[in-house]
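This report refers to the structure that appears directly beneath it.
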Amino acid sequence: MTLRTPERDIEDSGFKESFEAFYVRESRAVIGLAYVLSGSRSGAEDLAQEGFLAAYRQWEMIARYDDPGAWVRRVVANRAISGFRRRQAEAKALIRIRSAEHVVPEIPAESEVLWHEVRRLPRRQRQVIALRYLDHRPIAEVALILECSENTVKTHLQRAKQELARKLNLDEEGSL
């Protein structure tokens, strides 16, 4: 036996609550839940906004649920857990990065002028020069890393070498 309530009679007649009315009725409680789950006021507002936005996008379907508020709360709870997991993974990665020994390649003082000029080259030429000569990558690997053809890498490499030779007054073959 189904209990009849005025709300049920309205729903059965095809009337659905507007999203705006739903939001006004539920927002305070959903933000409270989000705050308890996130521990942050701004995080709570963001979580609640994400939950309500998801409901708004599907409101024609969500409005027909017996308890659309429960659906929004589930979205908020799931996103809070996902956010917590993401922050945990980021924290672990930061710890690994900080504990790993980072070695910046030594650039001899006499090469500093050269690398200064390399940094002034167009972006793709800088990348090709650095990967080829600093990282000692073969042309094929440079092409894979930069997602371009080997011929494109060779073209950028040749142009970069010509420009560096011109700027540094070096002969092109012996400069790099």
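Letters for chains follow the order of the structure tokens (A, B, ...), residue numbers begin at 1 for each chain, and ligand numbers begin at 1 in the order shown.
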Q) Residues of region 86-172 of chain A in alpha helix (DSSP H) according to DSSP, as a PyMOL selection string? A) chain A and resi 86-99+112-119+123-129+139-146+150-168
Spatial neighbours of Tyr56 (chain A), 9 Å, only C-alpha atoms, chain gap at least 5 places, as a PDB file with C-alpha atoms, in the first residue's frame:
ATOM      1  CA  PHE A  19      15.475  22.878  -9.710  1.00  0.00           C
ATOM      2  CA  GLY A  51      26.743  17.858  -6.838  1.00  0.00           C
ATOM      3  CA  ILE A  62      16.641  13.410 -11.182  1.00  0.00           C
TER       4      ILE A  62
END
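Checking A:Thr155, A:Lys92, A:Glu147, A:Lys16 one by one against Tyr65 (chain A), counting only C-alpha atoms, you find the shortest gap at A:Lys16.
Counting only C-alpha atoms and comparing A:Leu146, A:Ile97, A:Ala55, A:Leu33, the residue that lies closest to Asp67 (chain A) is A:Ala55.
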